[in-house]
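**Student:** Okay, so here is start-v2.pdb, and as you'll see once you scroll down, it has PDB, C-alpha atoms and all ligand atoms.
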MODEL        1
ATOM      1  CA  MET B   1      21.456  12.741   8.979
ATOM      2  CA  LYS B   2      22.799  14.134   5.715
ATOM      3  CA  ILE B   3      23.618  17.663   4.617
ATOM      4  CA  TYR B   4      24.690  18.828   1.184
ATOM      5  CA  LYS B   5      26.332  21.709  -0.591
ATOM      6  CA  GLU B   6      26.400  22.380  -4.311
ATOM      7  CA  PHE B   7      28.882  24.055  -6.596
ATOM      8  CA  LEU B   8      29.064  24.746 -10.306
ATOM      9  CA  PHE B   9      31.990  24.679 -12.658
ATOM     10  CA  ASP B  10      32.677  24.922 -16.371
ATOM     11  CA  ALA B  11      35.491  23.003 -17.982
ATOM     12  CA  ALA B  12      36.835  21.645 -21.230
ATOM     13  CA  HIS B  13      37.662  18.025 -21.917
ATOM     14  CA  PHE B  14      37.987  15.373 -24.559
ATOM     15  CA  LEU B  15      37.641  11.627 -24.357
ATOM     16  CA  PRO B  16      40.879  10.120 -25.673
ATOM     17  CA  TYR B  17      39.428   6.635 -26.062
ATOM     18  CA  ALA B  18      36.676   7.793 -28.486
ATOM     19  CA  GLU B  19      37.042   6.743 -32.091
ATOM     20  CA  GLU B  20      39.043   8.904 -34.478
ATOM     21  CA  GLY B  21      36.662  11.575 -35.869
ATOM     22  CA  HIS B  22      34.081  11.173 -33.064
ATOM     23  CA  PRO B  23      32.989  14.522 -31.530
ATOM     24  CA  ASN B  24      33.782  13.273 -28.000
ATOM     25  CA  ARG B  25      37.428  13.029 -29.049
ATOM     26  CA  ARG B  26      37.595  16.703 -29.951
ATOM     27  CA  MET B  27      38.066  19.231 -27.179
ATOM     28  CA  HIS B  28      34.717  20.666 -26.052
ATOM     29  CA  GLY B  29      33.181  22.179 -22.924
ATOM     30  CA  HIS B  30      30.430  21.468 -20.419
ATOM     31  CA  SER B  31      28.830  23.116 -17.403
ATOM     32  CA  PHE B  32      28.800  20.796 -14.406
ATOM     33  CA  ARG B  33      26.785  20.912 -11.182
ATOM     34  CA  VAL B  34      28.267  19.045  -8.239
ATOM     35  CA  VAL B  35      26.442  18.088  -5.038
ATOM     36  CA  VAL B  36      28.568  16.977  -2.102
ATOM     37  CA  TRP B  37      26.776  15.101   0.689
ATOM     38  CA  LEU B  38      28.052  14.672   4.234
ATOM     39  CA  LYS B  39      26.689  12.235   6.768
ATOM     40  CA  GLY B  40      26.818  12.365  10.546
ATOM     41  CA  LYS B  41      25.047  12.977  13.811
ATOM     42  CA  PRO B  42      24.435  16.624  14.651
ATOM     43  CA  ALA B  43      26.603  17.504  17.660
ATOM     44  CA  ALA B  44      24.553  17.923  20.815
ATOM     45  CA  GLU B  45      26.129  21.299  21.636
ATOM     46  CA  THR B  46      25.836  22.869  18.181
ATOM     47  CA  GLY B  47      23.126  20.989  16.301
ATOM     48  CA  ILE B  48      25.340  20.666  13.240
ATOM     49  CA  VAL B  49      26.884  17.755  11.348
ATOM     50  CA  ARG B  50      29.646  19.940   9.898
ATOM     51  CA  HIS B  51      29.647  23.706   9.637
ATOM     52  CA  PHE B  52      28.780  24.844   6.110
ATOM     53  CA  GLU B  53      31.640  27.341   6.282
ATOM     54  CA  ASP B  54      34.075  24.402   6.464
ATOM     55  CA  VAL B  55      32.297  22.666   3.606
ATOM     56  CA  GLU B  56      32.304  25.823   1.482
ATOM     57  CA  ARG B  57      36.038  26.367   2.037
ATOM     58  CA  GLU B  58      36.946  22.826   1.005
ATOM     59  CA  ILE B  59      34.681  22.577  -2.008
ATOM     60  CA  MET B  60      35.819  25.968  -3.293
ATOM     61  CA  ALA B  61      39.419  24.728  -3.146
ATOM     62  CA  VAL B  62      38.361  21.767  -5.296
ATOM     63  CA  ARG B  63      36.326  23.996  -7.639
ATOM     64  CA  GLU B  64      39.394  26.170  -8.154
ATOM     65  CA  LYS B  65      41.269  23.158  -9.529
ATOM     66  CA  LEU B  66      38.485  22.281 -11.990
ATOM     67  CA  ASP B  67      36.813  25.481 -13.141
ATOM     68  CA  HIS B  68      37.945  26.739 -16.566
ATOM     69  CA  HIS B  69      40.598  24.051 -16.786
ATOM     70  CA  LEU B  70      41.197  21.387 -19.374
ATOM     71  CA  LEU B  71      40.252  18.384 -17.237
ATOM     72  CA  ASN B  72      42.534  16.003 -19.151
ATOM     73  CA  GLU B  73      45.560  17.950 -17.851
ATOM     74  CA  ILE B  74      44.656  17.317 -14.203
ATOM     75  CA  GLU B  75      46.441  14.404 -12.548
ATOM     76  CA  GLY B  76      43.949  11.571 -12.154
ATOM     77  CA  LEU B  77      41.536  12.999 -14.753
ATOM     78  CA  GLU B  78      43.276  11.882 -17.909
ATOM     79  CA  PHE B  79      39.974  10.146 -18.849
ATOM     80  CA  PRO B  80      37.571  12.842 -17.617
ATOM     81  CA  THR B  81      34.197  11.099 -17.657
ATOM     82  CA  LEU B  82      31.470  11.956 -15.154
ATOM     83  CA  GLU B  83      32.425   8.784 -13.297
ATOM     84  CA  ARG B  84      36.087   9.783 -12.989
ATOM     85  CA  ILE B  85      35.215  13.350 -12.045
ATOM     86  CA  ALA B  86      32.917  12.153  -9.239
ATOM     87  CA  ALA B  87      35.604   9.815  -7.839
ATOM     88  CA  TRP B  88      38.283  12.499  -8.178
ATOM     89  CA  ILE B  89      36.177  14.995  -6.204
ATOM     90  CA  TRP B  90      35.539  12.343  -3.532
ATOM     91  CA  ASP B  91      39.269  11.648  -3.241
ATOM     92  CA  ALA B  92      40.057  15.363  -2.999
ATOM     93  CA  LEU B  93      37.512  15.903  -0.206
ATOM     94  CA  ALA B  94      37.762  12.676   1.795
ATOM     95  CA  THR B  95      40.625  13.904   3.999
ATOM     96  CA  PRO B  96      39.373  17.430   4.814
ATOM     97  CA  LEU B  97      35.729  16.296   5.019
ATOM     98  CA  PRO B  98      35.755  12.728   6.394
ATOM     99  CA  GLU B  99      31.950  12.862   6.783
ATOM    100  CA  ILE B 100      31.642  12.711   2.968
ATOM    101  CA  ALA B 101      28.864  10.313   1.942
ATOM    102  CA  ARG B 102      28.091  11.018  -1.713
ATOM    103  CA  VAL B 103      29.260  13.048  -4.689
ATOM    104  CA  GLU B 104      26.849  13.808  -7.516
ATOM    105  CA  VAL B 105      28.081  15.273 -10.793
ATOM    106  CA  HIS B 106      25.357  16.539 -13.128
ATOM    107  CA  ARG B 107      25.692  17.698 -16.708
ATOM    108  CA  ALA B 108      22.290  19.270 -17.211
ATOM    109  CA  SER B 109      22.732  20.120 -20.895
ATOM    110  CA  CYS B 110      22.957  16.406 -21.672
ATOM    111  CA  ARG B 111      20.544  15.302 -18.901
ATOM    112  CA  GLU B 112      23.311  13.082 -17.589
ATOM    113  CA  GLY B 113      24.932  12.563 -14.258
ATOM    114  CA  CYS B 114      26.842  10.277 -11.957
ATOM    115  CA  ILE B 115      26.390   9.449  -8.280
ATOM    116  CA  TYR B 116      29.371   8.100  -6.347
ATOM    117  CA  ASP B 117      28.958   6.787  -2.799
ATOM    118  CA  GLY B 118      32.646   6.139  -2.240
ATOM    119  CA  PRO B 119      35.015   3.222  -2.737
ATOM    120  CA  GLU B 120      33.388   1.068  -0.066
ATOM    121  CA  ALA B 121      30.027   1.178  -1.856
ATOM    122  CA  GLU B 122      31.475  -0.035  -5.168
TER     123      GLU B 122
HETATM  124  N1  LIG B 201      29.216   6.946 -19.059
HETATM  125  C1  LIG B 201      29.637   8.076 -19.684
HETATM  126  N2  LIG B 201      29.473   8.200 -20.995
HETATM  127  C2  LIG B 201      29.876   9.352 -21.615
HETATM  128  C3  LIG B 201      30.460  10.378 -20.869
HETATM  129  C4  LIG B 201      30.629  10.190 -19.464
HETATM  130  O1  LIG B 201      31.139  11.050 -18.745
HETATM  131  N3  LIG B 201      30.209   9.032 -18.922
HETATM  132  N4  LIG B 201      30.837  11.519 -21.475
HETATM  133  C5  LIG B 201      30.660  11.735 -22.743
HETATM  134  C6  LIG B 201      31.124  13.045 -23.336
HETATM  135  O2  LIG B 201      31.570  13.942 -22.343
HETATM  136  C7  LIG B 201      30.186  13.758 -24.196
HETATM  137  O3  LIG B 201      30.574  15.110 -24.440
HETATM  138  C8  LIG B 201      28.758  13.803 -23.751
HETATM  139  O4  LIG B 201      28.161  13.731 -24.975
HETATM  140  P1  LIG B 201      26.647  13.894 -25.302
HETATM  141  O5  LIG B 201      25.831  13.143 -24.296
HETATM  142  O6  LIG B 201      26.529  13.588 -26.719
HETATM  143  O7  LIG B 201      26.382  15.388 -25.048
HETATM  144  P2  LIG B 201      26.866  16.675 -25.823
HETATM  145  O8  LIG B 201      28.342  16.786 -25.801
HETATM  146  O9  LIG B 201      26.178  16.694 -27.130
HETATM  147  O10 LIG B 201      26.214  17.759 -24.888
HETATM  148  P3  LIG B 201      26.119  19.322 -24.942
HETATM  149  O11 LIG B 201      24.657  19.591 -24.925
HETATM  150  O12 LIG B 201      26.815  19.767 -26.181
HETATM  151  O13 LIG B 201      26.782  19.806 -23.684
HETATM  152  C9  LIG B 201      30.092  10.719 -23.627
HETATM  153  N5  LIG B 201      29.705   9.517 -22.925
HETATM  154 ZN    ZN B 202      32.015  15.938 -23.072
ENDMDL
END
As structure tokens - that is how I would like this structure written.
**Tutor:**
Amino acid sequence: MKIYKEFLFDAAHFLPYAEEGHPNRRMHGHSFRVVVWLKGKPAAETGIVRHFEDVEREIMAVREKLDHHLLNEIEGLEFPTLERIAAWIWDALATPLPEIARVEVHRASCREGCIYDGPEAE
């Protein structure tokens, strides 16, 4: 069974590999919506896979590191594409939430997104 929790963040970034003069190379901002999925068997005694309070605490700690930051300045996000952001969030949550099964990062304004099912699914 899978459960999910969403969070939103806003951040600035630029894509250093873009051509000189390309808008992607200039610093700009986006609003992101992230969906974190956890997979497991609900415990017989509680009926839950993982308490949403635990999930909320961990994803808010991650959100704190991303929201209103320049993503390029964050270690591991020097090339802050949707793909890198999804993998970075996975890596940040994999230890505290080992039931993690998927990270979705959506950028609604561009109708774009990325789904990452972890390193073993690559
Ligand atoms: N595969 C990917 N390609 C691109 C990514 C990415 O993360 N993965 N990111 C970008 C840039 O972030 C770019 O800003 C997105 O550009 P674009 O789709 O042109 O959207 P806008 O910046 O115009 O969107 P707003 O509506 O202004 O938010 C490029 N490629
Ligand atoms: Zn961008």
**Student:** Quick one: residues within 9 Å of Pro23 (chain B), all atoms listed in the file, excluding same-chain residues fewer than 5 positions away - as a PyMOL selection string?
**Tutor:** chain B and resi 14+18+28
**Student:** Just so the selection is clear, what residues does the PyMOL selection byres (((chain B and resi 95-109) around 8) and not hetatm) cover here, as a ChimeraX atom specification?
**Tutor:** /B:30-40,55,58,82,85-87,89-94,110-118
**Student:** Counting all atoms listed in the file, which residue out of B:Ile48, B:Leu77, B:Glu122, B:Phe7 sits closest to Ala61 (chain B)?
**Tutor:** B:Phe7
**Student:** CA of Arg63 (chain B) and CA of Pro42 (chain B), how far apart in Å?
**Tutor:** 26.3 Å
**Student:** Which residue gives the smallest distance to Leu70 (chain B) among B:Tyr17, B:Gly29, B:Leu8, B:Gly47, with only C-alpha atoms counted?
**Tutor:**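 Using only C-alpha atoms, the shortest distance to Leu70 (chain B) belongs to B:Gly29.
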**Student:** For the atom pair CA of Ala12 (chain B) and CA of His69 (chain B), what is the interatomic distance in Å to one decimal place?
**Tutor:**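 Pair CA of Ala12 (chain B) / CA of His69 (chain B) returns 6.3 Å.
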**Student:** Which residue, B:Asp67, B:Glu6, B:Glu19, B:Glu75, has the smallest gap to ligand LIG 201 (chain B) when you use all atoms listed in the file?
**Tutor:**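 Selected residue with least distance to ligand LIG 201 (chain B): B:Glu19.
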